[in-house]
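Chemist: So here's protein_17.txt (compact mmCIF, C-alpha atoms).
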# COMPACT_ATOMS: atom_id res chain seq x y z
CA MET A 58 -61.23 -21.55 3.15
CA ASN A 59 -58.66 -19.69 1.02
CA PRO A 60 -59.32 -20.22 -2.73
CA PHE A 61 -55.99 -18.83 -3.96
CA PRO A 62 -53.91 -22.04 -3.64
CA ILE A 63 -56.17 -23.80 -6.13
CA VAL A 64 -56.24 -20.67 -8.33
CA MET A 65 -52.43 -20.57 -8.44
CA ALA A 66 -52.28 -24.29 -9.16
CA SER A 67 -54.67 -23.83 -12.10
CA LEU A 68 -52.59 -20.95 -13.45
CA LYS A 69 -49.39 -22.99 -13.32
CA ARG A 70 -50.91 -26.15 -14.79
CA HIS A 71 -52.24 -24.40 -17.92
CA TRP A 72 -49.76 -21.48 -18.07
CA ILE A 73 -49.57 -21.34 -21.87
CA MET A 74 -53.31 -20.96 -22.23
CA ASN A 75 -53.41 -18.41 -19.42
CA ILE A 76 -50.68 -16.32 -21.05
CA LEU A 77 -52.65 -16.33 -24.30
CA PHE A 78 -55.75 -15.18 -22.40
CA VAL A 79 -53.81 -12.30 -20.84
CA LEU A 80 -52.31 -11.28 -24.20
CA LEU A 81 -55.72 -11.23 -25.85
CA ILE A 82 -57.09 -9.00 -23.12
CA ALA A 83 -54.01 -6.76 -23.23
CA VAL A 84 -54.31 -6.24 -27.00
CA ALA A 85 -58.02 -5.49 -26.71
CA VAL A 86 -57.42 -2.88 -24.01
CA ALA A 87 -54.34 -1.45 -25.77
CA ILE A 88 -56.33 -0.68 -28.92
CA GLY A 89 -58.74 1.56 -27.04
CA VAL A 90 -56.06 3.12 -24.83
CA GLY A 91 -53.77 3.83 -27.79
CA LEU A 92 -56.55 5.51 -29.76
CA THR A 93 -57.62 7.88 -26.99
CA ALA A 94 -54.08 8.71 -25.88
CA GLN A 95 -52.95 9.44 -29.43
CA GLU A 96 -55.98 11.55 -30.20
CA ARG A 97 -55.34 13.69 -27.11
CA ALA A 98 -51.63 14.03 -27.98
CA LEU A 99 -52.57 15.20 -31.48
CA ARG A 100 -54.98 17.79 -30.09
CA GLN A 101 -52.43 19.13 -27.63
CA GLY A 102 -49.63 19.22 -30.19
CA SER A 103 -51.68 21.05 -32.82
CA ALA A 104 -53.02 23.52 -30.25
CA GLN A 105 -49.45 24.30 -29.15
CA ALA A 106 -48.38 24.77 -32.77
CA ALA A 107 -51.17 27.33 -33.34
CA ASP A 108 -50.65 29.17 -30.06
CA LYS A 109 -48.66 32.07 -31.54
CA PHE A 110 -50.94 32.49 -34.55
CA ASP A 111 -53.78 34.60 -33.18
CA ILE A 112 -55.22 35.71 -36.52
CA LEU A 113 -54.38 34.64 -40.05
CA ILE A 114 -55.22 36.94 -42.95
CA ALA A 115 -54.92 35.65 -46.50
CA ALA A 116 -56.53 35.72 -49.91
CA PRO A 117 -59.97 34.07 -50.10
CA GLY A 118 -59.64 30.31 -50.15
CA SER A 119 -59.64 27.22 -48.01
CA GLN A 120 -58.95 28.10 -44.39
CA THR A 121 -57.68 24.58 -43.77
CA GLU A 122 -55.07 24.96 -46.53
CA ILE A 123 -54.02 28.33 -45.13
CA VAL A 124 -53.55 26.80 -41.67
CA MET A 125 -51.62 23.85 -43.06
CA ASN A 126 -49.38 26.22 -45.03
CA SER A 127 -48.79 28.85 -42.37
CA ILE A 128 -48.73 26.88 -39.11
CA PHE A 129 -47.80 23.32 -40.04
CA LEU A 130 -45.62 24.28 -43.06
CA GLN A 131 -47.31 21.73 -45.31
CA HIS A 132 -47.00 23.88 -48.38
CA SER A 133 -49.45 23.88 -51.24
CA ALA A 134 -50.42 26.40 -53.92
CA ILE A 135 -52.69 29.11 -52.54
CA ASN A 136 -53.67 32.55 -53.78
CA LEU A 137 -51.64 35.60 -52.75
CA LEU A 138 -53.01 38.50 -50.75
CA ASP A 139 -52.31 41.76 -52.58
CA GLY A 140 -49.54 43.84 -51.02
CA PRO A 141 -51.32 47.22 -50.90
CA TYR A 142 -54.24 45.52 -49.15
CA TRP A 143 -52.27 44.04 -46.24
CA GLY A 144 -49.57 46.71 -45.97
CA LYS A 145 -51.76 49.04 -43.93
CA LEU A 146 -51.82 46.49 -41.08
CA PHE A 147 -48.44 47.78 -39.88
CA ASP A 148 -49.94 51.19 -39.11
CA ASP A 149 -53.16 49.79 -37.60
CA PRO A 150 -53.38 50.93 -33.94
CA ARG A 151 -55.16 47.68 -33.07
CA VAL A 152 -52.20 45.56 -34.16
CA GLU A 153 -49.25 44.66 -31.95
CA ILE A 154 -47.46 42.46 -34.50
CA ALA A 155 -48.17 41.99 -38.20
CA ALA A 156 -45.83 39.60 -39.98
CA PRO A 157 -45.99 38.54 -43.64
CA LEU A 158 -45.16 34.93 -44.46
CA ALA A 159 -43.54 34.22 -47.84
CA PHE A 160 -42.85 30.63 -48.96
CA GLY A 161 -41.31 28.99 -51.99
CA ASP A 162 -37.75 28.05 -51.07
CA SER A 163 -36.06 25.40 -48.94
CA TRP A 164 -32.72 23.90 -47.98
CA LYS A 165 -32.35 20.10 -47.71
CA GLY A 166 -36.01 19.67 -46.88
CA HIS A 167 -36.16 22.59 -44.42
CA SER A 168 -38.62 25.29 -45.44
CA ILE A 169 -37.28 28.80 -45.86
CA ILE A 170 -39.87 31.38 -44.83
CA GLY A 171 -39.59 35.09 -45.33
CA SER A 172 -40.89 37.29 -42.52
CA THR A 173 -39.78 40.11 -40.21
CA PRO A 174 -37.28 40.20 -37.33
CA GLN A 175 -40.12 40.96 -34.92
CA PHE A 176 -41.87 37.73 -35.87
CA VAL A 177 -38.74 35.66 -35.13
CA THR A 178 -38.47 37.06 -31.62
CA TYR A 179 -42.19 36.64 -31.01
CA LEU A 180 -42.35 33.09 -32.37
CA SER A 181 -39.58 31.57 -30.25
CA GLY A 182 -39.77 33.91 -27.27
CA GLY A 183 -36.16 34.95 -27.84
CA LEU A 184 -33.16 33.22 -29.37
CA ALA A 185 -31.03 30.44 -27.96
CA SER A 186 -27.95 32.11 -29.45
CA GLY A 187 -26.99 34.81 -31.92
CA HIS A 188 -29.29 37.59 -33.09
CA VAL A 189 -32.12 38.15 -35.55
CA PHE A 190 -31.29 38.89 -39.17
CA GLU A 191 -30.38 42.48 -39.98
CA THR A 192 -29.77 42.17 -43.74
CA ILE A 193 -31.27 40.07 -46.49
CA GLU A 194 -28.15 37.89 -46.53
CA GLN A 195 -28.72 36.67 -42.97
CA ALA A 196 -30.97 33.93 -41.59
CA VAL A 197 -32.22 32.55 -38.29
CA VAL A 198 -32.67 28.78 -38.06
CA GLY A 199 -35.02 26.68 -35.96
CA ALA A 200 -33.80 24.49 -33.11
CA ALA A 201 -33.97 21.31 -35.25
CA VAL A 202 -32.13 22.68 -38.30
CA PRO A 203 -28.61 21.18 -38.63
CA LEU A 204 -26.93 24.54 -39.12
CA ALA A 205 -24.85 26.50 -36.63
CA ILE A 206 -24.18 30.21 -36.32
CA GLY A 207 -21.62 31.18 -38.91
CA ASP A 208 -22.64 28.49 -41.40
CA GLU A 209 -23.52 29.40 -44.98
CA PHE A 210 -26.08 27.72 -47.20
CA GLU A 211 -27.64 28.18 -50.60
CA PRO A 212 -31.45 28.13 -50.86
CA SER A 213 -33.15 26.24 -53.66
CA HIS A 214 -36.58 26.64 -55.12
CA GLY A 215 -39.36 24.26 -54.11
CA HIS A 216 -40.04 21.90 -51.22
CA GLY A 217 -39.47 18.20 -50.62
CA PRO A 218 -38.93 16.16 -53.80
CA GLU A 219 -39.46 19.30 -55.90
CA GLU A 220 -36.38 20.85 -54.32
CA VAL A 221 -34.14 18.33 -56.10
CA LEU A 222 -35.72 19.01 -59.46
CA ASP A 223 -35.61 22.77 -59.25
CA HIS A 224 -32.64 25.09 -59.42
CA HIS A 225 -30.57 26.88 -56.82
CA HIS A 226 -30.85 30.65 -56.65
CA GLY A 227 -27.11 31.28 -56.45
CA ALA A 228 -27.40 33.26 -53.20
CA GLU A 229 -25.37 32.48 -50.08
CA LEU A 230 -27.15 33.07 -46.78
CA HIS A 231 -25.39 33.33 -43.43
CA VAL A 232 -26.79 31.88 -40.20
CA VAL A 233 -26.69 34.55 -37.48
CA GLY A 234 -29.17 33.17 -34.94
CA LYS A 235 -30.78 29.98 -33.66
CA MET A 236 -34.25 29.92 -32.14
CA LEU A 237 -35.27 28.30 -28.90
CA PRO A 238 -37.27 25.05 -29.29
CA THR A 239 -40.97 25.75 -29.85
CA GLY A 240 -42.32 22.20 -30.15
CA THR A 241 -43.83 23.13 -33.53
CA PRO A 242 -42.98 22.51 -37.21
CA TRP A 243 -41.18 25.85 -37.11
CA ASP A 244 -38.32 24.14 -35.25
CA SER A 245 -37.31 22.74 -38.65
CA ALA A 246 -37.74 26.05 -40.49
CA ILE A 247 -35.29 28.68 -41.65
CA ILE A 248 -36.49 32.28 -41.39
CA VAL A 249 -35.06 35.09 -43.49
CA ALA A 250 -36.08 38.65 -44.23
CA VAL A 251 -39.19 38.65 -46.39
CA GLU A 252 -37.33 41.01 -48.70
CA GLN A 253 -34.84 38.21 -49.39
CA VAL A 254 -37.58 35.93 -50.74
CA TRP A 255 -39.01 38.72 -52.85
CA ASP A 256 -35.60 39.73 -54.17
CA LEU A 257 -34.64 36.15 -55.11
CA HIS A 258 -37.84 35.85 -57.11
CA ALA A 259 -37.34 39.19 -58.87
CA LEU A 260 -40.19 40.89 -57.04
CA PRO A 261 -40.33 44.38 -55.53
CA THR A 262 -38.87 44.42 -52.02
CA GLY A 263 -41.41 46.69 -50.37
CA HIS A 264 -38.94 49.56 -50.12
CA HIS A 265 -38.35 52.33 -52.60
CA GLU A 266 -34.72 52.13 -53.74
CA PRO A 267 -32.93 54.91 -55.64
CA ALA A 268 -32.74 54.05 -59.30
CA GLY A 269 -28.96 54.31 -59.27
CA ASP A 270 -28.71 51.42 -56.79
CA GLU A 271 -29.93 48.90 -59.28
CA HIS A 272 -29.43 50.39 -62.74
CA ASP A 273 -26.67 52.81 -63.65
CA HIS A 274 -26.34 53.09 -67.40
CA ASP A 275 -23.23 55.29 -67.44
CA GLY A 276 -21.37 52.92 -65.11
CA SER A 277 -20.11 55.66 -62.76
CA GLU A 278 -21.66 54.10 -59.67
CA ALA A 279 -20.32 50.69 -60.57
CA HIS A 280 -16.85 52.22 -61.07
CA GLU A 281 -16.95 53.81 -57.60
CA ASP A 282 -18.04 50.53 -56.02
CA HIS A 283 -15.27 48.73 -57.87
CA GLU A 284 -12.69 51.16 -56.51
CA ASP A 285 -14.04 50.77 -52.96
CA HIS A 286 -13.96 47.01 -53.35
CA GLU A 287 -10.29 47.07 -54.47
CA HIS A 288 -9.40 49.42 -51.61
CA ASN A 289 -10.97 47.12 -49.01
CA GLU A 290 -9.26 44.09 -50.55
CA ALA A 291 -5.91 45.82 -50.21
CA ASN A 292 -6.55 46.63 -46.56
CA ALA A 293 -7.66 43.05 -45.89
CA HIS A 294 -4.50 41.70 -47.53
CA HIS A 295 -2.43 44.06 -45.43
CA GLU A 296 -4.06 42.65 -42.26
CA GLY A 297 -3.50 39.04 -43.34
CA ASP A 298 -7.18 38.15 -43.80
CA HIS A 299 -7.64 38.96 -47.45
CA ASP A 300 -10.00 36.13 -48.42
CA GLU A 301 -12.36 36.39 -45.47
CA ASP A 302 -12.76 40.18 -45.46
CA ALA A 303 -13.08 40.40 -49.24
CA HIS A 304 -15.78 37.72 -49.10
CA ASP A 305 -17.66 39.62 -46.36
CA HIS A 306 -17.34 42.88 -48.28
CA ALA A 307 -18.71 41.26 -51.41
CA HIS A 308 -21.84 40.30 -49.50
CA GLU A 309 -22.12 43.74 -47.92
CA HIS A 310 -21.87 45.26 -51.36
CA ASP A 311 -24.54 42.86 -52.59
CA ASP A 312 -26.82 43.95 -49.75
CA ASP A 313 -26.41 47.59 -50.71
CA HIS A 314 -27.02 46.71 -54.32
CA HIS A 315 -30.38 45.10 -53.66
CA VAL A 316 -31.96 46.29 -50.40
CA THR A 317 -30.67 48.92 -48.00
CA ARG A 318 -33.09 48.08 -45.16
CA ILE A 319 -35.51 45.38 -44.08
CA GLY A 320 -38.75 45.24 -42.15
CA PRO A 321 -41.54 47.78 -41.81
CA PRO A 322 -42.43 50.44 -42.69
CA PHE A 323 -43.13 49.25 -46.22
CA ASP A 324 -43.97 51.26 -49.29
CA LEU A 325 -47.53 50.20 -50.17
CA ASP A 326 -46.87 50.70 -53.87
CA GLU A 327 -43.85 48.37 -53.70
CA LEU A 328 -45.41 45.48 -51.78
CA PRO A 329 -45.78 42.09 -53.50
CA GLY A 330 -48.52 39.66 -52.61
CA VAL A 331 -47.97 37.12 -49.80
CA PRO A 332 -49.63 33.79 -48.92
CA ALA A 333 -50.59 34.88 -45.40
CA ILE A 334 -50.21 37.50 -42.67
CA VAL A 335 -49.88 36.61 -38.98
CA VAL A 336 -51.50 39.22 -36.77
CA ARG A 337 -51.25 39.56 -33.01
CA PRO A 338 -53.89 42.04 -31.83
CA LYS A 339 -53.54 44.28 -28.80
CA SER A 340 -56.80 43.08 -27.25
CA VAL A 341 -59.58 40.56 -27.62
CA ALA A 342 -61.92 43.27 -28.88
CA ALA A 343 -59.34 44.31 -31.45
CA ALA A 344 -59.02 40.70 -32.61
CA TYR A 345 -62.71 40.48 -33.48
CA THR A 346 -62.82 43.85 -35.22
CA ILE A 347 -59.73 43.02 -37.30
CA ARG A 348 -61.23 39.69 -38.27
CA SER A 349 -64.45 41.41 -39.28
CA ASP A 350 -62.72 44.18 -41.25
CA TYR A 351 -60.63 41.74 -43.30
CA ARG A 352 -63.45 39.39 -44.19
CA THR A 353 -64.07 40.89 -47.60
CA ASP A 354 -64.23 39.88 -51.24
CA HIS A 355 -60.45 40.40 -51.43
CA SER A 356 -59.32 38.69 -48.21
CA THR A 357 -60.25 36.25 -45.49
CA ALA A 358 -59.43 36.57 -41.79
CA PHE A 359 -59.97 33.94 -39.13
CA PHE A 360 -58.78 32.51 -35.86
CA PRO A 361 -56.80 29.30 -36.50
CA ALA A 362 -58.43 27.88 -33.38
CA GLU A 363 -61.73 27.90 -35.29
CA VAL A 364 -60.26 25.67 -37.98
CA LEU A 365 -58.66 23.38 -35.40
CA VAL A 366 -61.98 22.96 -33.60
CA GLU A 367 -63.56 21.79 -36.84
CA MET A 368 -60.65 19.44 -37.44
CA TYR A 369 -61.02 18.13 -33.88
CA ARG A 370 -64.71 17.54 -34.51
CA LEU A 371 -63.95 15.46 -37.58
CA LEU A 372 -61.17 13.71 -35.72
CA GLY A 373 -63.51 13.07 -32.82
CA ASN A 374 -66.13 11.55 -35.11
CA ALA A 375 -63.57 9.23 -36.65
CA GLY A 376 -62.21 8.46 -33.19
CA SER A 377 -65.69 7.61 -31.93
CA VAL A 378 -66.16 5.12 -34.75
CA MET A 379 -62.78 3.55 -34.06
CA ARG A 380 -63.44 3.41 -30.33
CA ALA A 381 -66.79 1.75 -30.99
CA MET A 382 -65.00 -0.81 -33.12
CA ALA A 383 -62.41 -1.28 -30.37
CA LEU A 384 -65.18 -1.73 -27.81
CA GLY A 385 -66.79 -4.36 -30.01
CA SER A 386 -63.49 -6.20 -30.32
CA GLN A 387 -63.05 -6.04 -26.56
CA ALA A 388 -66.49 -7.55 -26.02
CA LEU A 389 -65.67 -10.35 -28.46
CA VAL A 390 -62.38 -10.98 -26.67
CA VAL A 391 -64.11 -11.24 -23.30
CA ALA A 392 -66.75 -13.56 -24.73
CA ALA A 393 -64.08 -15.74 -26.33
CA ILE A 394 -62.12 -15.93 -23.09
CA LEU A 395 -65.21 -16.80 -21.09
CA ALA A 396 -66.08 -19.54 -23.57
CA ALA A 397 -62.55 -20.90 -23.25
CA VAL A 398 -62.73 -20.69 -19.46
CA LEU A 399 -66.03 -22.60 -19.47
CA ALA A 400 -64.38 -25.30 -21.56
CA LEU A 401 -61.41 -25.31 -19.20
CA MET A 402 -63.64 -25.56 -16.18
CA GLN A 403 -65.07 -28.78 -17.55
CA LEU A 404 -61.64 -30.27 -17.00
CA TYR A 405 -61.82 -29.26 -13.35
CA ARG A 406 -65.41 -30.31 -12.67
CA LYS A 407 -64.45 -33.60 -11.01
CA GLN A 408 -61.79 -31.91 -8.89
CA PHE A 409 -64.29 -29.37 -7.61
CA ALA A 410 -66.86 -32.13 -7.11
CA VAL A 411 -64.34 -34.05 -4.96
CA LEU A 412 -63.74 -30.88 -2.92
CA ARG A 413 -67.48 -30.50 -2.50
CA ALA A 414 -67.78 -34.15 -1.42
CA LEU A 415 -65.03 -33.58 1.17
CA GLY A 416 -67.02 -30.74 2.70
CA ALA A 417 -65.94 -27.63 0.76
CA PRO A 418 -68.84 -25.16 0.63
CA ARG A 419 -70.31 -23.99 -2.64
CA SER A 420 -69.06 -20.48 -1.93
CA TYR A 421 -65.51 -21.84 -2.06
CA VAL A 422 -66.07 -23.22 -5.55
CA PHE A 423 -67.67 -19.96 -6.64
CA SER A 424 -64.86 -17.77 -5.26
CA ALA A 425 -62.14 -20.02 -6.72
CA ILE A 426 -63.56 -19.87 -10.25
CA TRP A 427 -64.40 -16.16 -10.02
CA SER A 428 -60.94 -15.32 -8.67
CA TYR A 429 -59.29 -17.30 -11.47
CA VAL A 430 -61.14 -15.48 -14.27
CA SER A 431 -60.87 -12.09 -12.54
CA LEU A 432 -57.12 -12.43 -12.13
CA LEU A 433 -56.77 -13.04 -15.88
CA VAL A 434 -58.90 -10.00 -16.69
CA ILE A 435 -57.12 -7.64 -14.28
CA THR A 436 -53.66 -8.75 -15.38
CA GLY A 437 -54.59 -8.36 -19.02
CA ALA A 438 -56.05 -4.88 -18.44
CA ILE A 439 -52.91 -3.67 -16.64
CA CYS A 440 -50.71 -5.03 -19.41
CA GLY A 441 -53.03 -3.42 -21.96
CA LEU A 442 -52.57 0.00 -20.33
CA GLY A 443 -48.82 -0.30 -20.63
CA LEU A 444 -48.95 -1.68 -24.16
CA GLY A 445 -51.35 1.03 -25.34
CA TRP A 446 -49.15 3.75 -23.83
CA MET A 447 -46.03 2.36 -25.53
CA VAL A 448 -47.79 2.16 -28.90
CA ALA A 449 -49.10 5.72 -28.56
CA GLN A 450 -45.62 6.94 -27.61
CA SER A 451 -44.12 5.25 -30.66
CA VAL A 452 -46.74 6.74 -32.97
CA SER A 453 -46.20 10.18 -31.40
CA ARG A 454 -42.47 9.97 -32.05
CA ILE A 455 -43.14 9.08 -35.69
CA PHE A 456 -45.56 12.01 -36.03
CA THR A 457 -43.04 14.36 -34.41
CA ALA A 458 -40.27 13.23 -36.73
CA GLU A 459 -42.47 13.62 -39.81
CA THR A 460 -44.22 16.90 -38.96
CA GLY A 461 -41.98 18.59 -36.38
CA MET A 462 -45.01 19.00 -34.12
CA ALA A 463 -44.17 17.95 -30.57
CA MET A 464 -46.55 15.21 -29.45
CA GLN A 465 -46.37 13.48 -26.10
CA ALA A 466 -48.81 10.64 -25.45
CA SER A 467 -49.77 10.09 -21.83
CA LEU A 468 -52.25 8.10 -19.80
CA GLY A 469 -55.13 10.17 -18.54
CA SER A 470 -58.48 9.66 -16.91
CA SER A 471 -60.04 8.52 -20.21
CA GLU A 472 -57.60 5.63 -20.58
CA LEU A 473 -57.90 4.65 -16.92
CA MET A 474 -61.69 4.71 -17.16
CA LEU A 475 -61.56 2.59 -20.32
CA ALA A 476 -59.37 -0.04 -18.69
CA GLY A 477 -61.42 0.15 -15.51
CA GLY A 478 -64.66 -0.34 -17.41
CA PHE A 479 -63.17 -3.36 -19.13
CA VAL A 480 -62.19 -4.83 -15.76
CA ILE A 481 -65.64 -4.21 -14.28
CA ILE A 482 -67.34 -5.90 -17.22
CA GLY A 483 -64.88 -8.78 -16.97
CA LEU A 484 -65.52 -9.20 -13.24
CA ILE A 485 -69.26 -9.24 -13.81
CA LEU A 486 -69.02 -11.77 -16.63
CA ALA A 487 -66.64 -13.90 -14.54
CA THR A 488 -69.59 -14.79 -12.35
CA LEU A 489 -71.07 -16.86 -15.20
CA PRO A 490 -68.66 -19.84 -15.11
CA ALA A 491 -68.44 -19.56 -11.34
CA PHE A 492 -72.22 -19.66 -11.01
CA LEU A 493 -72.56 -22.64 -13.38
CA LEU A 494 -70.12 -24.74 -11.37
CA TYR A 495 -71.61 -23.45 -8.15
CA ARG A 496 -75.04 -24.86 -9.09
CA ARG A 497 -73.75 -28.16 -10.50
CA PRO A 498 -74.79 -31.13 -8.29
CA VAL A 499 -71.92 -33.10 -6.77
CA VAL A 500 -73.20 -36.51 -7.92
CA SER A 501 -73.58 -35.48 -11.58
CA ALA A 502 -70.15 -33.86 -11.56
CA LEU A 503 -68.55 -37.03 -10.17
CA ARG A 504 -70.33 -39.13 -12.80
CA GLY A 505 -69.17 -36.73 -15.55
CA SER A 506 -72.69 -36.08 -16.79
What does the file become when written as structure tokens?
Modeler:
Amino acid sequence: MNPFPIVMASLKRHWIMNILFVLLIAVAVAIGVGLTAQERALRQGSAQAADKFDILIAAPGSQTEIVMNSIFLQHSAINLLDGPYWGKLFDDPRVEIAAPLAFGDSWKGHSIIGSTPQFVTYLSGGLASGHVFETIEQAVVGAAVPLAIGDEFEPSHGHGPEEVLDHHHGAELHVVGKMLPTGTPWDSAIIVAVEQVWDLHALPTGHHEPAGDEHDHDGSEAHEDHEDHEHNEANAHHEGDHDEDAHDHAHEHDDDHHVTRIGPPFDLDELPGVPAIVVRPKSVAAAYTIRSDYRTDHSTAFFPAEVLVEMYRLLGNAGSVMRAMALGSQALVVAAILAAVLALMQLYRKQFAVLRALGAPRSYVFSAIWSYVSLLVITGAICGLGLGWMVAQSVSRIFTAETGMAMQASLGSSELMLAGGFVIIGLILATLPAFLLYRRPVVSALRGS
């Protein structure tokens, strides 16, 4: 005999209660699925963000803070690594790329980081449009920065809420390039020549400049520049573009006044301190020797992956506790549903007793009750998979919007195994009400005792 007609009739008769059962199961499964999917998305997103940062070298301090500053752009006050100490990295035969990172400024919540043109190309794997900066007045913006090539902006000191409180530097920067999307917080960053950051904060620029470029007490150099400026203005007016060309010349003159070139080689005696150095070694062996050489009393060197592994361990411990709590809630949900099903089956005891009296075998009663409970459990688990995935996706989008780190939650083997284990436990426990009605004598069921 086919038990499904009576199963479907039971589902329709008490549809409100059955929907509540399914929702309870779905929520219980979704909690576990959401936790594991989100944890994996966080691991993958952070690993992708750190992919280009092979070695970080900085002043002695918290490695976690250095990673958060350099990779995730969550800025905090850290010690500076002395310029003469890190400057020799550019001539180190073991180094393919050495890029200083200088923080301190921002524009409308977007961090402005000083570095080298080589680092820009390396970080984004090329540019979507434009070119890397060639003077200290130029900038390259990340894919998520609302600036286009040709736009101008004025940096201000500080980050986040502090940016509003602090002052503007009075410098106009020009956007000359836009990076390809990286899926990291650097998509929301603005990168300029490191010399620009140093110059704005009245620090040496790492290059020896002739004294006459910055200070000319007899005014002869300034007079010559003034004459050149007037000559160019006259030519621009003659061509019909006086304002634009004069404005460009003013910035070119400003570049010559401050810094005549950018990028390495640097003058070791003219190098300011920096929060961190990103190093890409030429080989794995070189990576370990560089890390060893720069682990001194004056500096620390480490692989960011080492810090992330420790963070994952802590995250995994917290996740294990939360998953254990989720498992406990799932067990309570199943127990509550089974108790409700047992109570519901009492309403059907006379109906099943009549079926038994009419010749229905006990196996029919068992399969009908088991199928009824199992269908609730399976439906709830499937809904829970979908609900957990949607919640994890929503949380990932919030994380991405807040941190700039690309996170994509997905259903993997862990989530499928979790839902499958829940279903298996539910199917096993479903035998309890089925077995109780299976063993119930027909006469006592008809009498209601």
Chemist: Please provide as a list in words all residues within 12 Å of Ala343 (chain A), with the sequence filter that same-chain residues fewer than 2 positions apart are discarded (counting all atoms listed in the file).
Modeler: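 That gives Asp111, Ile112, Asp149, Pro150, Arg151, Val152, Glu153, Val336, Arg337, Pro338, Lys339, Ser340, Val341, Tyr345, Thr346, Ile347, Arg348, Ser349 and Asp350 of chain A.
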Chemist: My list of candidates is A:Ala156, A:Ala115, A:Ala466, A:Val448. Which is closest to Phe360 (chain A) when distances are computed with all atoms listed in the file?
Modeler: A:Ala115
Chemist: Tell me, as a ChimeraX atom specification, which residues lie within 7 Å of Ala116 (chain A), counting only C-alpha atoms; anything in the same chain fewer than 6 positions away does not count.
Modeler: /A:136-138,355-357
Chemist: Would you compute the distance between CA of Gly140 (chain A) and CA of Thr178 (chain A)? Give it in Å to one decimal.
Modeler: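 According to the coordinates, CA of Gly140 (chain A) and CA of Thr178 (chain A) are separated by 23.3 Å.
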Chemist: Please identify all polymer residues within 8 Å of region 95-108 of chain A, counting only C-alpha atoms, omitting same-chain residues fewer than 3 positions from it, and present them as an NGL selection string.
Modeler: :A and (91-92 or 111 or 128-129 or 240-242 or 361-362 or 365 or 369 or 372 or 376 or 449-450 or 452-453 or 462-467)
Chemist: Separation of CA of Val90 (chain A) and CA of Ile455 (chain A), in Å?
Modeler: 17.9 Å
Chemist: Taking 6 positions as the minimum chain separation for residues in the same chain, which residues sit within 9 Å of Ala155 (chain A) when counting all atoms listed in the file? Answer as a JSON list (two decimals) with C-alpha atoms, keeping the file's coordinate frame.
Modeler:
[["chain", "number", "residue", "atom", "x", "y", "z"],
["A", 146, "LEU", "CA", -51.82, 46.49, -41.08],
["A", 147, "PHE", "CA", -48.44, 47.78, -39.88],
["A", 173, "THR", "CA", -39.78, 40.11, -40.21],
["A", 175, "GLN", "CA", -40.12, 40.96, -34.92],
["A", 176, "PHE", "CA", -41.87, 37.73, -35.87],
["A", 334, "ILE", "CA", -50.21, 37.50, -42.67],
["A", 335, "VAL", "CA", -49.88, 36.61, -38.98],
["A", 336, "VAL", "CA", -51.50, 39.22, -36.77],
["A", 337, "ARG", "CA", -51.25, 39.56, -33.01],
["A", 338, "PRO", "CA", -53.89, 42.04, -31.83]]
Chemist: Between A:Ala476, A:Leu204, A:Ala344, A:Ser186, which one has atoms that come closest to Ile154 (chain A), using all atoms listed in the file?
Modeler: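 Comparing A:Ala476, A:Leu204, A:Ala344, A:Ser186 against Ile154 (chain A), the winner is A:Ala344.
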Chemist: In Å, how far is it from CA of Ser168 (chain A) to CA of Ala246 (chain A)?
Modeler: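 The value is 5.1 Å.
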Chemist: Leaving out Gly263 (chain A) and any residue of its chain fewer than 2 positions from it, which residues lie within 6 Å of it when counting all atoms listed in the file, given as a ChimeraX atom specification?
Modeler: /A:261,323-324,327-328
Chemist: Using all atoms listed in the file and a cutoff of 10 Å, can you tell me which residues are near (-51.0, -10.3, -17.4) in the file's coordinates, and write them out as a PDB file with C-alpha atoms, keeping the file's coordinate frame?
Modeler:
ATOM      1  CA  ASN A  75     -53.410 -18.410 -19.420  1.00  0.00           C
ATOM      2  CA  ILE A  76     -50.680 -16.320 -21.050  1.00  0.00           C
ATOM      3  CA  LEU A  77     -52.650 -16.330 -24.300  1.00  0.00           C
ATOM      4  CA  PHE A  78     -55.750 -15.180 -22.400  1.00  0.00           C
ATOM      5  CA  VAL A  79     -53.810 -12.300 -20.840  1.00  0.00           C
ATOM      6  CA  LEU A  80     -52.310 -11.280 -24.200  1.00  0.00           C
ATOM      7  CA  LEU A  81     -55.720 -11.230 -25.850  1.00  0.00           C
ATOM      8  CA  ILE A  82     -57.090  -9.000 -23.120  1.00  0.00           C
ATOM      9  CA  ALA A  83     -54.010  -6.760 -23.230  1.00  0.00           C
ATOM     10  CA  LEU A 432     -57.120 -12.430 -12.130  1.00  0.00           C
ATOM     11  CA  LEU A 433     -56.770 -13.040 -15.880  1.00  0.00           C
ATOM     12  CA  VAL A 434     -58.900 -10.000 -16.690  1.00  0.00           C
ATOM     13  CA  ILE A 435     -57.120  -7.640 -14.280  1.00  0.00           C
ATOM     14  CA  THR A 436     -53.660  -8.750 -15.380  1.00  0.00           C
ATOM     15  CA  GLY A 437     -54.590  -8.360 -19.020  1.00  0.00           C
ATOM     16  CA  ALA A 438     -56.050  -4.880 -18.440  1.00  0.00           C
ATOM     17  CA  ILE A 439     -52.910  -3.670 -16.640  1.00  0.00           C
ATOM     18  CA  CYS A 440     -50.710  -5.030 -19.410  1.00  0.00           C
ATOM     19  CA  GLY A 441     -53.030  -3.420 -21.960  1.00  0.00           C
TER      20      GLY A 441
END
Chemist: From the list A:Gly234, A:Ser181, A:Glu211, A:Gly171, which residue is nearest Ile248 (chain A) when using all atoms listed in the file?
Modeler: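 Between A:Gly234, A:Ser181, A:Glu211, A:Gly171, the residue approaching Ile248 (chain A) most closely is A:Gly171.
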